[in-house]
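K.L.:
Starting off with a structure, shown below.
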There are 2 protein chains.
Amino acid sequence: MSEVESFFKSAFSVDNVIFGFDGGDLKVLLIQRGAAPYKGKWALPGDLVYPNEDLDTAAERVLEQLTGLRGVYLEQVKAFGAVDRHPLGRVITVAYFSLIKISDYTVTPASFAQSAKWHTVTKVGDLAFDHNEILESCLKKLRRKVRMTPIGFELLPPKFTLTELQQLYESILIPPKSKKRIDKRNFRKKILSTNLLHDLNEVQEGVAHRPAKLYRFDRNKYEQLIAEGYSFDI
Amino acid sequence: MSEVESFFKSAFSVDNVIFGFDGGDLKVLLIQRGAAPYKGKWALPGDLVYPNEDLDTAAERVLEQLTGLRGVYLEQVKAFGAVDRHPLGRVITVAYFSLIKISDYTVTPASFAQSAKWHTVTKVGDLAFDHNEILESCLKKLRRKVRMTPIGFELLPPKFTLTELQQLYESILIPPKSKKRIDKRNFRKKILSTNLLHDLNEVQEGVAHRPAKLYRFDRNKYEQLIAEGYSFDI
């Protein structure tokens, strides 16, 4: 037993990469650390996992304390366990990523939430701990996954235009300095051919330019197609 | 600090789901536990992570001690951290899956390797800890991934027939009691159209039936196609 006991000297945490989309850029919600280590640095929101708490519950707790949101898209991505990643001792962290609609987000009363701010994912600078590496890993997963499953819609308002949808895909898939854009004709053809967009027979209101048609993602239809062996591919 | 210190009472481990293919079934390498907890039960090979060891290194160590193999396919899948998953205390485990060629595997001198045995993945029975759940999770990942990346070839000998390749895909993708089979014509057409199989202009030796043509997976070609934006899809 004593040999085994020597291993029980570590802690573990969860860190949440919370993505949002403001119509232009893909954003990530960061908090500014109020205490050492890395005081003053921007960091991913996270916390040590309580002794009586499982990993998913801890991730949900951090997300809810910070954003007030429950039941939003949350998925474990990867455990990070480099020996020296935490100055206070051996701490492995389990990274989650979450997709929320920025319009649903309001600052919660929790004290650490007061220091939270949306940052453009490509302009986060030097983050605390190994959080740049964690963010990069979650971004990679998002890029892969957004093409194979319709998770992108989690980031859009319930009603959206095809231009907004294309801008979302561009903000996720195209590197920041690239001049490349997704071809509009091909994108529309591809996305409409999935039959997963429900034409609302409505148009945008209060816009200066010619108002565009509004669509809604048809989740029921998607579930039904999946059961029939369909696979999403954009 | 004292509040933080109360969190440093956990341990973490790695567990390896090592898949192999014997020409008929998809197999997983299990060890029979020689000590409590779960003495006598079959379990995934794993170990506590040393204080000076990162997660990938620990997974590589477990794999090498058990199989003698280095440099084989190894990938982190998921962290499992249910509160009561380990009877000795709070232990979260990080699951890895590995793909090896069964022909490369020989029992190593390590004492725990003596109790290792290949099991058909669908007939493992009741495993120690939460290892059934971990195996299921890694199987799901393998099923998803084998269709989108050419990792299946890691499980085959360097030279293989199209029938062997199809049997591999069937052993991974088709549920055990299903009578469904992959359509031979479609499968061959699809796999040959990838242009990733190199026809060796050789045939099987020492078989009773008409010897089939042998192929090799062309990894260089694959790397080249990937760089050009190709995506594998079977």
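If you're wondering about the labels, chains in the structure tokens are A, B, ... by order shown, residues count from 1 in each chain, ligands from 1 in order shown.
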Report as a PDB file with N, CA and C atoms, in the first residue's frame all protein, DNA and RNA residues lying within 9 Å of range 16-28 of chain B, evaluated on only C-alpha atoms, omitting residues in the same chain fewer than 6 positions from it.

P.N.:
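Once everything was written out, this is around_16.pdb:
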```
ATOM      1  N   LEU B  44      -7.596  -4.198 -18.935  1.00  0.00           N
ATOM      2  CA  LEU B  44      -6.728  -3.530 -19.901  1.00  0.00           C
ATOM      3  C   LEU B  44      -5.363  -3.339 -19.264  1.00  0.00           C
ATOM      4  N   PRO B  45      -4.289  -3.507 -20.019  1.00  0.00           N
ATOM      5  CA  PRO B  45      -2.977  -3.216 -19.457  1.00  0.00           C
ATOM      6  C   PRO B  45      -2.852  -1.719 -19.176  1.00  0.00           C
ATOM      7  N   GLY B  46      -2.344  -1.399 -17.994  1.00  0.00           N
ATOM      8  CA  GLY B  46      -2.202   0.008 -17.627  1.00  0.00           C
ATOM      9  C   GLY B  46      -1.316   0.129 -16.419  1.00  0.00           C
ATOM     10  N   ALA B  59       2.085   5.832 -21.442  1.00  0.00           N
ATOM     11  CA  ALA B  59       1.365   4.913 -22.334  1.00  0.00           C
ATOM     12  C   ALA B  59       2.348   4.116 -23.190  1.00  0.00           C
ATOM     13  N   VAL B  62       3.988   1.370 -20.923  1.00  0.00           N
ATOM     14  CA  VAL B  62       3.106   0.217 -20.692  1.00  0.00           C
ATOM     15  C   VAL B  62       3.066  -0.677 -21.937  1.00  0.00           C
ATOM     16  N   LEU B  63       2.938  -0.036 -23.082  1.00  0.00           N
ATOM     17  CA  LEU B  63       2.863  -0.784 -24.334  1.00  0.00           C
ATOM     18  C   LEU B  63       4.157  -1.555 -24.595  1.00  0.00           C
ATOM     19  N   LEU B  74      -0.300   4.803 -31.596  1.00  0.00           N
ATOM     20  CA  LEU B  74      -0.771   5.002 -30.226  1.00  0.00           C
ATOM     21  C   LEU B  74      -1.420   6.380 -30.152  1.00  0.00           C
ATOM     22  N   VAL B  94      -6.284   7.879 -18.118  1.00  0.00           N
ATOM     23  CA  VAL B  94      -6.316   8.387 -19.479  1.00  0.00           C
ATOM     24  C   VAL B  94      -6.167   7.179 -20.407  1.00  0.00           C
ATOM     25  N   ALA B  95      -7.172   6.981 -21.245  1.00  0.00           N
ATOM     26  CA  ALA B  95      -7.190   5.806 -22.125  1.00  0.00           C
ATOM     27  C   ALA B  95      -6.507   6.111 -23.452  1.00  0.00           C
ATOM     28  N   TYR B  96      -5.720   5.175 -23.903  1.00  0.00           N
ATOM     29  CA  TYR B  96      -5.056   5.241 -25.206  1.00  0.00           C
ATOM     30  C   TYR B  96      -5.494   4.047 -26.025  1.00  0.00           C
ATOM     31  N   PHE B  97      -5.508   4.224 -27.356  1.00  0.00           N
ATOM     32  CA  PHE B  97      -5.629   2.993 -28.125  1.00  0.00           C
ATOM     33  C   PHE B  97      -4.453   2.847 -29.061  1.00  0.00           C
ATOM     34  N   SER B  98      -4.131   1.586 -29.288  1.00  0.00           N
ATOM     35  CA  SER B  98      -2.948   1.261 -30.038  1.00  0.00           C
ATOM     36  C   SER B  98      -3.310   0.207 -31.067  1.00  0.00           C
ATOM     37  N   LEU B  99      -2.701   0.283 -32.241  1.00  0.00           N
ATOM     38  CA  LEU B  99      -2.968  -0.703 -33.284  1.00  0.00           C
ATOM     39  C   LEU B  99      -1.669  -1.411 -33.602  1.00  0.00           C
ATOM     40  N   ILE B 100      -1.634  -2.721 -33.458  1.00  0.00           N
ATOM     41  CA  ILE B 100      -0.405  -3.442 -33.778  1.00  0.00           C
ATOM     42  C   ILE B 100      -0.698  -4.617 -34.699  1.00  0.00           C
ATOM     43  N   LYS B 101       0.338  -5.062 -35.364  1.00  0.00           N
ATOM     44  CA  LYS B 101       0.230  -6.252 -36.200  1.00  0.00           C
ATOM     45  C   LYS B 101       0.458  -7.457 -35.283  1.00  0.00           C
ATOM     46  N   ILE B 102      -0.522  -8.339 -35.188  1.00  0.00           N
ATOM     47  CA  ILE B 102      -0.411  -9.465 -34.251  1.00  0.00           C
ATOM     48  C   ILE B 102       0.862 -10.267 -34.520  1.00  0.00           C
ATOM     49  N   SER B 103       1.256 -10.324 -35.790  1.00  0.00           N
ATOM     50  CA  SER B 103       2.451 -11.104 -36.132  1.00  0.00           C
ATOM     51  C   SER B 103       3.724 -10.508 -35.517  1.00  0.00           C
ATOM     52  N   LYS B 117      -3.279 -12.048 -22.939  1.00  0.00           N
ATOM     53  CA  LYS B 117      -3.922 -12.907 -23.933  1.00  0.00           C
ATOM     54  C   LYS B 117      -4.805 -12.073 -24.862  1.00  0.00           C
ATOM     55  N   TRP B 118      -4.806 -12.440 -26.130  1.00  0.00           N
ATOM     56  CA  TRP B 118      -5.698 -11.771 -27.080  1.00  0.00           C
ATOM     57  C   TRP B 118      -7.127 -12.272 -26.911  1.00  0.00           C
ATOM     58  N   HIS B 119      -8.055 -11.355 -26.825  1.00  0.00           N
ATOM     59  CA  HIS B 119      -9.475 -11.695 -26.725  1.00  0.00           C
ATOM     60  C   HIS B 119     -10.227 -11.063 -27.900  1.00  0.00           C
ATOM     61  N   THR B 120     -11.221 -11.789 -28.406  1.00  0.00           N
ATOM     62  CA  THR B 120     -12.100 -11.184 -29.403  1.00  0.00           C
ATOM     63  C   THR B 120     -12.838 -10.019 -28.738  1.00  0.00           C
ATOM     64  N   VAL B 121     -12.819  -8.848 -29.351  1.00  0.00           N
ATOM     65  CA  VAL B 121     -13.346  -7.645 -28.684  1.00  0.00           C
ATOM     66  C   VAL B 121     -14.797  -7.782 -28.243  1.00  0.00           C
ATOM     67  N   THR B 122     -15.549  -8.577 -28.965  1.00  0.00           N
ATOM     68  CA  THR B 122     -16.975  -8.694 -28.624  1.00  0.00           C
ATOM     69  C   THR B 122     -17.221  -9.780 -27.574  1.00  0.00           C
ATOM     70  N   VAL B 124     -15.266 -10.189 -24.416  1.00  0.00           N
ATOM     71  CA  VAL B 124     -14.295  -9.986 -23.336  1.00  0.00           C
ATOM     72  C   VAL B 124     -14.898 -10.273 -21.959  1.00  0.00           C
ATOM     73  N   ILE B 134     -14.287   1.741 -21.054  1.00  0.00           N
ATOM     74  CA  ILE B 134     -13.129   2.287 -21.759  1.00  0.00           C
ATOM     75  C   ILE B 134     -12.942   1.585 -23.105  1.00  0.00           C
ATOM     76  N   LEU B 135     -13.064   0.254 -23.090  1.00  0.00           N
ATOM     77  CA  LEU B 135     -12.943  -0.512 -24.339  1.00  0.00           C
ATOM     78  C   LEU B 135     -14.001  -0.058 -25.346  1.00  0.00           C
ATOM     79  N   CYS B 138     -13.108   3.248 -26.894  1.00  0.00           N
ATOM     80  CA  CYS B 138     -12.016   3.145 -27.868  1.00  0.00           C
ATOM     81  C   CYS B 138     -12.483   2.449 -29.150  1.00  0.00           C
ATOM     82  N   LEU B 139     -13.375   1.492 -29.003  1.00  0.00           N
ATOM     83  CA  LEU B 139     -13.940   0.821 -30.177  1.00  0.00           C
ATOM     84  C   LEU B 139     -14.726   1.805 -31.040  1.00  0.00           C
ATOM     85  N   GLU B 154      -2.554  -0.414 -40.229  1.00  0.00           N
ATOM     86  CA  GLU B 154      -1.655  -0.692 -39.098  1.00  0.00           C
ATOM     87  C   GLU B 154      -1.892  -2.087 -38.539  1.00  0.00           C
ATOM     88  N   LEU B 155      -3.094  -2.615 -38.771  1.00  0.00           N
ATOM     89  CA  LEU B 155      -3.464  -3.911 -38.203  1.00  0.00           C
ATOM     90  C   LEU B 155      -3.163  -5.076 -39.142  1.00  0.00           C
ATOM     91  N   LEU B 156      -2.857  -4.767 -40.402  1.00  0.00           N
ATOM     92  CA  LEU B 156      -2.628  -5.810 -41.402  1.00  0.00           C
ATOM     93  C   LEU B 156      -1.132  -6.044 -41.596  1.00  0.00           C
ATOM     94  N   GLU B 164      -8.608  -9.983 -47.298  1.00  0.00           N
ATOM     95  CA  GLU B 164      -8.156  -9.725 -45.922  1.00  0.00           C
ATOM     96  C   GLU B 164      -8.515  -8.316 -45.475  1.00  0.00           C
ATOM     97  N   LEU B 165      -8.335  -7.380 -46.394  1.00  0.00           N
ATOM     98  CA  LEU B 165      -8.663  -5.985 -46.071  1.00  0.00           C
ATOM     99  C   LEU B 165     -10.160  -5.844 -45.776  1.00  0.00           C
ATOM    100  N   GLN B 167     -12.185  -8.217 -44.756  1.00  0.00           N
ATOM    101  CA  GLN B 167     -12.476  -8.897 -43.483  1.00  0.00           C
ATOM    102  C   GLN B 167     -12.101  -8.008 -42.294  1.00  0.00           C
ATOM    103  N   LEU B 168     -10.999  -7.275 -42.428  1.00  0.00           N
ATOM    104  CA  LEU B 168     -10.614  -6.348 -41.365  1.00  0.00           C
ATOM    105  C   LEU B 168     -11.709  -5.309 -41.149  1.00  0.00           C
ATOM    106  N   GLU B 170     -14.829  -5.477 -41.970  1.00  0.00           N
ATOM    107  CA  GLU B 170     -16.040  -6.118 -41.426  1.00  0.00           C
ATOM    108  C   GLU B 170     -15.890  -6.390 -39.932  1.00  0.00           C
ATOM    109  N   SER B 171     -14.700  -6.827 -39.516  1.00  0.00           N
ATOM    110  CA  SER B 171     -14.501  -7.159 -38.097  1.00  0.00           C
ATOM    111  C   SER B 171     -14.594  -5.918 -37.221  1.00  0.00           C
ATOM    112  N   ILE B 172     -14.287  -4.769 -37.790  1.00  0.00           N
ATOM    113  CA  ILE B 172     -14.361  -3.527 -37.011  1.00  0.00           C
ATOM    114  C   ILE B 172     -15.756  -2.910 -37.077  1.00  0.00           C
TER     115      ILE B 172
END
```

K.L.:
Would you tabulate, counting only C-alpha atoms, all residues of chain A that have an atom at most 6 Å from an atom of chain B, showing the closest pair of atoms and their distance in Å to one decimal, sorted by chain then ascending number, as a tab-separated table?

P.N.:
```
residue	atom	partner	partner_atom	distance
A:Phe7	CA	B:Ala11	CA	5.5
A:Phe8	CA	B:Ala11	CA	4.5
A:Lys9	CA	B:Lys9	CA	4.8
A:Ser10	CA	B:Phe8	CA	4.5
A:Ala11	CA	B:Phe8	CA	4.5
A:Asn52	CA	B:Val83	CA	5.9
A:Asp54	CA	B:Ala82	CA	4.9
A:Leu55	CA	B:Gly81	CA	5.6
A:Gly81	CA	B:Asp54	CA	5.6
A:Ala82	CA	B:Asp54	CA	4.9
A:Val83	CA	B:Asp54	CA	5.5
```

K.L.:
Can you write out the residues you just picked, keeping C-alpha atoms, as a PDB file, in the first residue's frame?

P.N.:
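Contents of out-v7.pdb, as written:
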```
ATOM      1  CA  PHE A   7       1.238   8.138  -6.206  1.00  0.00           C
ATOM      2  CA  PHE A   8      -1.686   9.842  -4.487  1.00  0.00           C
ATOM      3  CA  LYS A   9      -0.057  13.275  -4.528  1.00  0.00           C
ATOM      4  CA  SER A  10      -1.487  14.773  -7.673  1.00  0.00           C
ATOM      5  CA  ALA A  11      -4.462  16.905  -8.493  1.00  0.00           C
ATOM      6  CA  ASN A  52     -16.729  13.971  -5.082  1.00  0.00           C
ATOM      7  CA  ASP A  54     -16.663  13.518 -11.911  1.00  0.00           C
ATOM      8  CA  LEU A  55     -14.960  15.184 -14.857  1.00  0.00           C
ATOM      9  CA  GLY A  81      -0.231  16.041 -18.313  1.00  0.00           C
ATOM     10  CA  ALA A  82       3.255  17.416 -18.979  1.00  0.00           C
ATOM     11  CA  VAL A  83       5.327  17.009 -15.816  1.00  0.00           C
TER      12      VAL A  83
END
```

K.L.:
Check the DSSP output for the backbone and give back, as a PyMOL selection string, the residues of range 37-68 of chain A in strand (DSSP E or B).

P.N.:
chain A and resi 42-43+46-48

K.L.:
How many Å separate CA of Arg216 in chain A from CA of Leu196 in chain A?

P.N.:
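About the pair CA of Arg216 in chain A and CA of Leu196 in chain A: they are 8.5 Å apart.
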
K.L.:
Ranking A:Arg61, A:Lys123, A:Lys39, A:Lys145 by minimum distance to Lys177 in chain A and counting only C-alpha atoms, which one comes first?

P.N.:
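Ranked by minimum distance to Lys177 in chain A, first place goes to A:Lys123.
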
K.L.:
List every residue of range 31-230 of chain B that DSSP, applied to the backbone of this structure, assigns to helix (DSSP H, G or I), and report them as a compact mmCIF listing (two decimals) with N, CA and C atoms, in the first residue's frame.

P.N.:
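Okay, this is what ended up in states-v8.txt:
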```txt
# COMPACT_ATOMS: atom_id res chain seq x y z
N LEU B 55 2.04 11.86 -19.87
CA LEU B 55 1.03 10.84 -20.17
C LEU B 55 1.41 9.94 -21.34
N ASP B 56 1.86 10.57 -22.44
CA ASP B 56 2.22 9.77 -23.62
C ASP B 56 3.36 8.81 -23.30
N THR B 57 4.33 9.30 -22.52
CA THR B 57 5.48 8.46 -22.16
C THR B 57 5.02 7.25 -21.35
N ALA B 58 4.10 7.48 -20.41
CA ALA B 58 3.59 6.38 -19.61
C ALA B 58 2.88 5.35 -20.49
N ALA B 59 2.08 5.83 -21.44
CA ALA B 59 1.36 4.91 -22.33
C ALA B 59 2.35 4.12 -23.19
N GLU B 60 3.40 4.78 -23.67
CA GLU B 60 4.43 4.09 -24.47
C GLU B 60 5.15 3.04 -23.62
N ARG B 61 5.41 3.38 -22.37
CA ARG B 61 6.10 2.45 -21.46
C ARG B 61 5.26 1.19 -21.24
N VAL B 62 3.99 1.37 -20.92
CA VAL B 62 3.11 0.22 -20.69
C VAL B 62 3.07 -0.68 -21.94
N LEU B 63 2.94 -0.04 -23.08
CA LEU B 63 2.86 -0.78 -24.33
C LEU B 63 4.16 -1.55 -24.59
N GLU B 64 5.29 -0.90 -24.35
CA GLU B 64 6.57 -1.55 -24.64
C GLU B 64 6.85 -2.69 -23.65
N GLN B 65 6.54 -2.44 -22.37
CA GLN B 65 6.78 -3.49 -21.37
C GLN B 65 5.97 -4.74 -21.67
N LEU B 66 4.79 -4.52 -22.22
CA LEU B 66 3.90 -5.65 -22.46
C LEU B 66 4.20 -6.35 -23.78
N THR B 67 4.50 -5.59 -24.80
CA THR B 67 4.59 -6.17 -26.14
C THR B 67 6.00 -6.14 -26.72
N ILE B 102 -0.52 -8.34 -35.19
CA ILE B 102 -0.41 -9.46 -34.25
C ILE B 102 0.86 -10.27 -34.52
N SER B 103 1.26 -10.32 -35.79
CA SER B 103 2.45 -11.10 -36.13
C SER B 103 3.72 -10.51 -35.52
N ASP B 104 3.71 -9.21 -35.21
CA ASP B 104 4.88 -8.57 -34.59
C ASP B 104 4.94 -8.82 -33.08
N SER B 111 6.95 -9.84 -16.09
CA SER B 111 6.11 -10.83 -15.41
C SER B 111 4.63 -10.67 -15.76
N PHE B 112 4.14 -9.42 -15.82
CA PHE B 112 2.71 -9.25 -16.08
C PHE B 112 2.35 -9.58 -17.52
N ALA B 113 3.37 -9.60 -18.38
CA ALA B 113 3.10 -9.93 -19.78
C ALA B 113 2.79 -11.41 -19.96
N GLN B 114 3.25 -12.24 -19.02
CA GLN B 114 3.01 -13.69 -19.08
C GLN B 114 1.52 -14.01 -19.02
N SER B 115 0.78 -13.11 -18.39
CA SER B 115 -0.65 -13.38 -18.23
C SER B 115 -1.48 -12.69 -19.31
N VAL B 121 -12.82 -8.85 -29.35
CA VAL B 121 -13.35 -7.64 -28.68
C VAL B 121 -14.80 -7.78 -28.24
N THR B 122 -15.55 -8.58 -28.96
CA THR B 122 -16.98 -8.69 -28.62
C THR B 122 -17.22 -9.78 -27.57
N LYS B 123 -16.15 -10.44 -27.11
CA LYS B 123 -16.32 -11.53 -26.14
C LYS B 123 -15.37 -11.39 -24.96
N HIS B 131 -13.26 -0.90 -17.18
CA HIS B 131 -12.56 -1.19 -18.43
C HIS B 131 -13.47 -1.59 -19.58
N ASN B 132 -14.68 -2.11 -19.27
CA ASN B 132 -15.63 -2.35 -20.37
C ASN B 132 -16.03 -1.04 -21.03
N GLU B 133 -16.26 -0.03 -20.20
CA GLU B 133 -16.65 1.28 -20.72
C GLU B 133 -15.50 1.90 -21.55
N ILE B 134 -14.29 1.74 -21.05
CA ILE B 134 -13.13 2.29 -21.76
C ILE B 134 -12.94 1.58 -23.11
N LEU B 135 -13.06 0.25 -23.09
CA LEU B 135 -12.94 -0.51 -24.34
C LEU B 135 -14.00 -0.06 -25.35
N GLU B 136 -15.23 0.10 -24.89
CA GLU B 136 -16.33 0.51 -25.75
C GLU B 136 -16.05 1.86 -26.39
N SER B 137 -15.52 2.77 -25.57
CA SER B 137 -15.22 4.10 -26.05
C SER B 137 -14.11 4.08 -27.12
N CYS B 138 -13.11 3.25 -26.89
CA CYS B 138 -12.02 3.14 -27.87
C CYS B 138 -12.48 2.45 -29.15
N LEU B 139 -13.37 1.49 -29.00
CA LEU B 139 -13.94 0.82 -30.18
C LEU B 139 -14.73 1.81 -31.04
N LYS B 140 -15.50 2.65 -30.37
CA LYS B 140 -16.27 3.67 -31.10
C LYS B 140 -15.34 4.58 -31.88
N LYS B 141 -14.25 4.97 -31.24
CA LYS B 141 -13.29 5.85 -31.90
C LYS B 141 -12.65 5.14 -33.08
N LEU B 142 -12.28 3.87 -32.88
CA LEU B 142 -11.69 3.10 -33.98
C LEU B 142 -12.67 3.00 -35.15
N ARG B 143 -13.94 2.72 -34.86
CA ARG B 143 -14.95 2.58 -35.93
C ARG B 143 -15.10 3.86 -36.73
N ARG B 144 -15.08 5.00 -36.01
CA ARG B 144 -15.22 6.29 -36.69
C ARG B 144 -13.96 6.55 -37.52
N LYS B 145 -12.83 6.29 -36.91
CA LYS B 145 -11.57 6.72 -37.51
C LYS B 145 -11.13 5.85 -38.69
N VAL B 146 -11.48 4.57 -38.63
CA VAL B 146 -11.03 3.65 -39.67
C VAL B 146 -11.66 3.99 -41.02
N ARG B 147 -12.76 4.73 -40.98
CA ARG B 147 -13.42 5.11 -42.24
C ARG B 147 -12.87 6.42 -42.79
N MET B 148 -12.22 7.19 -41.94
CA MET B 148 -11.78 8.52 -42.37
C MET B 148 -10.27 8.66 -42.52
N PRO B 150 -6.53 6.09 -43.02
CA PRO B 150 -6.14 4.71 -43.35
C PRO B 150 -5.40 4.03 -42.20
N ILE B 151 -5.94 4.12 -40.98
CA ILE B 151 -5.25 3.48 -39.85
C ILE B 151 -5.46 1.97 -39.83
N GLY B 152 -6.46 1.49 -40.57
CA GLY B 152 -6.72 0.05 -40.60
C GLY B 152 -5.48 -0.75 -41.03
N PHE B 153 -4.69 -0.14 -41.92
CA PHE B 153 -3.51 -0.84 -42.43
C PHE B 153 -2.49 -1.15 -41.35
N GLU B 154 -2.55 -0.41 -40.23
CA GLU B 154 -1.65 -0.69 -39.10
C GLU B 154 -1.89 -2.09 -38.54
N LEU B 155 -3.09 -2.61 -38.77
CA LEU B 155 -3.46 -3.91 -38.20
C LEU B 155 -3.16 -5.08 -39.14
N LEU B 162 -7.13 -8.26 -50.98
CA LEU B 162 -8.33 -7.42 -50.82
C LEU B 162 -9.35 -8.11 -49.92
N THR B 163 -9.38 -9.44 -49.94
CA THR B 163 -10.29 -10.16 -49.05
C THR B 163 -9.91 -9.94 -47.59
N GLU B 164 -8.61 -9.98 -47.30
CA GLU B 164 -8.16 -9.73 -45.92
C GLU B 164 -8.51 -8.32 -45.47
N LEU B 165 -8.33 -7.38 -46.39
CA LEU B 165 -8.66 -5.99 -46.07
C LEU B 165 -10.16 -5.84 -45.78
N GLN B 166 -10.98 -6.49 -46.62
CA GLN B 166 -12.42 -6.42 -46.39
C GLN B 166 -12.81 -7.08 -45.06
N GLN B 167 -12.19 -8.22 -44.76
CA GLN B 167 -12.48 -8.90 -43.48
C GLN B 167 -12.10 -8.01 -42.29
N LEU B 168 -11.00 -7.27 -42.43
CA LEU B 168 -10.61 -6.35 -41.37
C LEU B 168 -11.71 -5.31 -41.15
N TYR B 169 -12.16 -4.68 -42.24
CA TYR B 169 -13.21 -3.66 -42.11
C TYR B 169 -14.49 -4.26 -41.53
N GLU B 170 -14.83 -5.48 -41.97
CA GLU B 170 -16.04 -6.12 -41.43
C GLU B 170 -15.89 -6.39 -39.93
N SER B 171 -14.70 -6.83 -39.52
CA SER B 171 -14.50 -7.16 -38.10
C SER B 171 -14.59 -5.92 -37.22
N ILE B 172 -14.29 -4.77 -37.79
CA ILE B 172 -14.36 -3.53 -37.01
C ILE B 172 -15.76 -2.91 -37.08
N LEU B 173 -16.35 -2.92 -38.27
CA LEU B 173 -17.56 -2.10 -38.47
C LEU B 173 -18.88 -2.84 -38.28
N LYS B 184 -18.85 -6.87 -51.60
CA LYS B 184 -17.49 -7.09 -52.11
C LYS B 184 -17.15 -6.19 -53.30
N ARG B 185 -18.08 -6.15 -54.27
CA ARG B 185 -17.83 -5.34 -55.48
C ARG B 185 -17.63 -3.87 -55.16
N ASN B 186 -18.57 -3.34 -54.36
CA ASN B 186 -18.48 -1.92 -53.99
C ASN B 186 -17.21 -1.62 -53.21
N PHE B 187 -16.90 -2.52 -52.26
CA PHE B 187 -15.73 -2.30 -51.43
C PHE B 187 -14.46 -2.25 -52.29
N ARG B 188 -14.32 -3.21 -53.18
CA ARG B 188 -13.11 -3.26 -54.03
C ARG B 188 -13.00 -2.03 -54.91
N LYS B 189 -14.16 -1.65 -55.48
CA LYS B 189 -14.17 -0.49 -56.36
C LYS B 189 -13.75 0.76 -55.59
N LYS B 190 -14.31 0.91 -54.39
CA LYS B 190 -14.05 2.08 -53.57
C LYS B 190 -12.59 2.12 -53.11
N ILE B 191 -12.09 1.00 -52.64
CA ILE B 191 -10.74 1.00 -52.08
C ILE B 191 -9.70 1.15 -53.20
N LEU B 192 -9.96 0.53 -54.36
CA LEU B 192 -8.99 0.66 -55.46
C LEU B 192 -9.02 2.06 -56.06
N SER B 193 -10.18 2.72 -56.00
CA SER B 193 -10.29 4.06 -56.58
C SER B 193 -9.53 5.09 -55.75
N ARG B 219 1.92 4.54 -48.26
CA ARG B 219 1.87 5.64 -47.29
C ARG B 219 2.39 6.95 -47.88
N ASN B 220 3.44 6.87 -48.68
CA ASN B 220 4.00 8.09 -49.30
C ASN B 220 2.94 8.79 -50.16
N LYS B 221 2.25 7.98 -50.95
CA LYS B 221 1.21 8.52 -51.81
C LYS B 221 0.13 9.19 -50.95
N TYR B 222 -0.20 8.54 -49.86
CA TYR B 222 -1.24 9.10 -48.97
C TYR B 222 -0.82 10.45 -48.42
N GLU B 223 0.42 10.53 -47.92
CA GLU B 223 0.93 11.80 -47.37
C GLU B 223 0.86 12.90 -48.42
N GLN B 224 1.23 12.52 -49.63
CA GLN B 224 1.23 13.46 -50.74
C GLN B 224 -0.20 13.94 -51.06
N LEU B 225 -1.14 13.01 -51.08
CA LEU B 225 -2.53 13.38 -51.38
C LEU B 225 -3.11 14.26 -50.27
N ILE B 226 -2.77 13.93 -49.01
CA ILE B 226 -3.26 14.71 -47.88
C ILE B 226 -2.80 16.16 -48.00
N ALA B 227 -1.55 16.33 -48.38
CA ALA B 227 -0.99 17.68 -48.54
C ALA B 227 -1.75 18.45 -49.62
```

K.L.:
Calculated over only C-alpha atoms, which of the candidates A:Val14, A:Leu200, A:Leu29, A:Leu214 has the smallest distance to Asp47 in chain A?

P.N.:
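Closest to Asp47 in chain A of all the choices is A:Val14.
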
K.L.:
State, in Å with one decimal place, the distance from CA of Tyr230 in chain B to CA of Asp218 in chain B.

P.N.:
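If I compute the distance from CA of Tyr230 in chain B to CA of Asp218 in chain B, I get 14.4 Å.
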
K.L.:
Quick one: everything within 8 Å of Ala43 in chain A, counting only C-alpha atoms, minus sequence neighbours fewer than 6 positions away in the same chain. Send it as JSON, numbers by chain.

P.N.:
{"A": [30, 31, 32, 33, 127, 128, 129, 131]}

K.L.:
Restricted to C-alpha atoms, what would the selected residues look like written as a tab-separated table (two decimals), in the first residue's frame?

P.N.:
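Contents of out00.tsv, as written:
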```
chain	number	residue	atom	x	y	z
A	30	LEU	CA	-10.91	33.93	-21.44
A	31	ILE	CA	-10.56	35.12	-17.87
A	32	GLN	CA	-7.84	37.33	-16.48
A	33	ARG	CA	-6.20	35.64	-13.53
A	127	LEU	CA	-1.81	32.58	-22.15
A	128	ALA	CA	-1.18	31.17	-18.64
A	129	PHE	CA	0.05	27.57	-18.12
A	131	HIS	CA	-3.33	27.08	-22.33
```

K.L.:
I want to know what sits within 12 Å of Pro211 in chain B, based on only C-alpha atoms, with residues of the same chain fewer than 4 positions away left out; could you give that as an MDAnalysis selection string?

P.N.:
chainID B and resid 160:163 202:207

K.L.:
How about saving the chosen residues, C-alpha atoms kept, as a compact mmCIF listing (two decimals), in the first residue's frame?

P.N.:
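File produced: part.txt:
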```txt
# COMPACT_ATOMS: atom_id res chain seq x y z
CA PHE B 160 -2.36 -8.34 -47.88
CA THR B 161 -5.17 -9.42 -50.17
CA LEU B 162 -8.33 -7.42 -50.82
CA THR B 163 -10.29 -10.16 -49.05
CA GLU B 202 2.61 -11.12 -56.42
CA VAL B 203 0.09 -13.68 -55.24
CA GLN B 204 -0.43 -15.55 -51.98
CA GLU B 205 1.72 -18.61 -51.38
CA GLY B 206 0.77 -21.89 -49.77
CA VAL B 207 -2.97 -21.48 -49.88
```

K.L.:
I'd like to know which of A:His198, A:Arg181, A:Lys41, A:Arg210 is closest to Lys159 in chain A, using only C-alpha atoms.

P.N.:
A:His198

K.L.:
Check the smallest atom-to-atom distance from each of B:Leu69, B:Ile234, B:Ala212, B:Leu197 to Thr108 in chain B using only C-alpha atoms, then report the winner.

P.N.:
B:Leu69
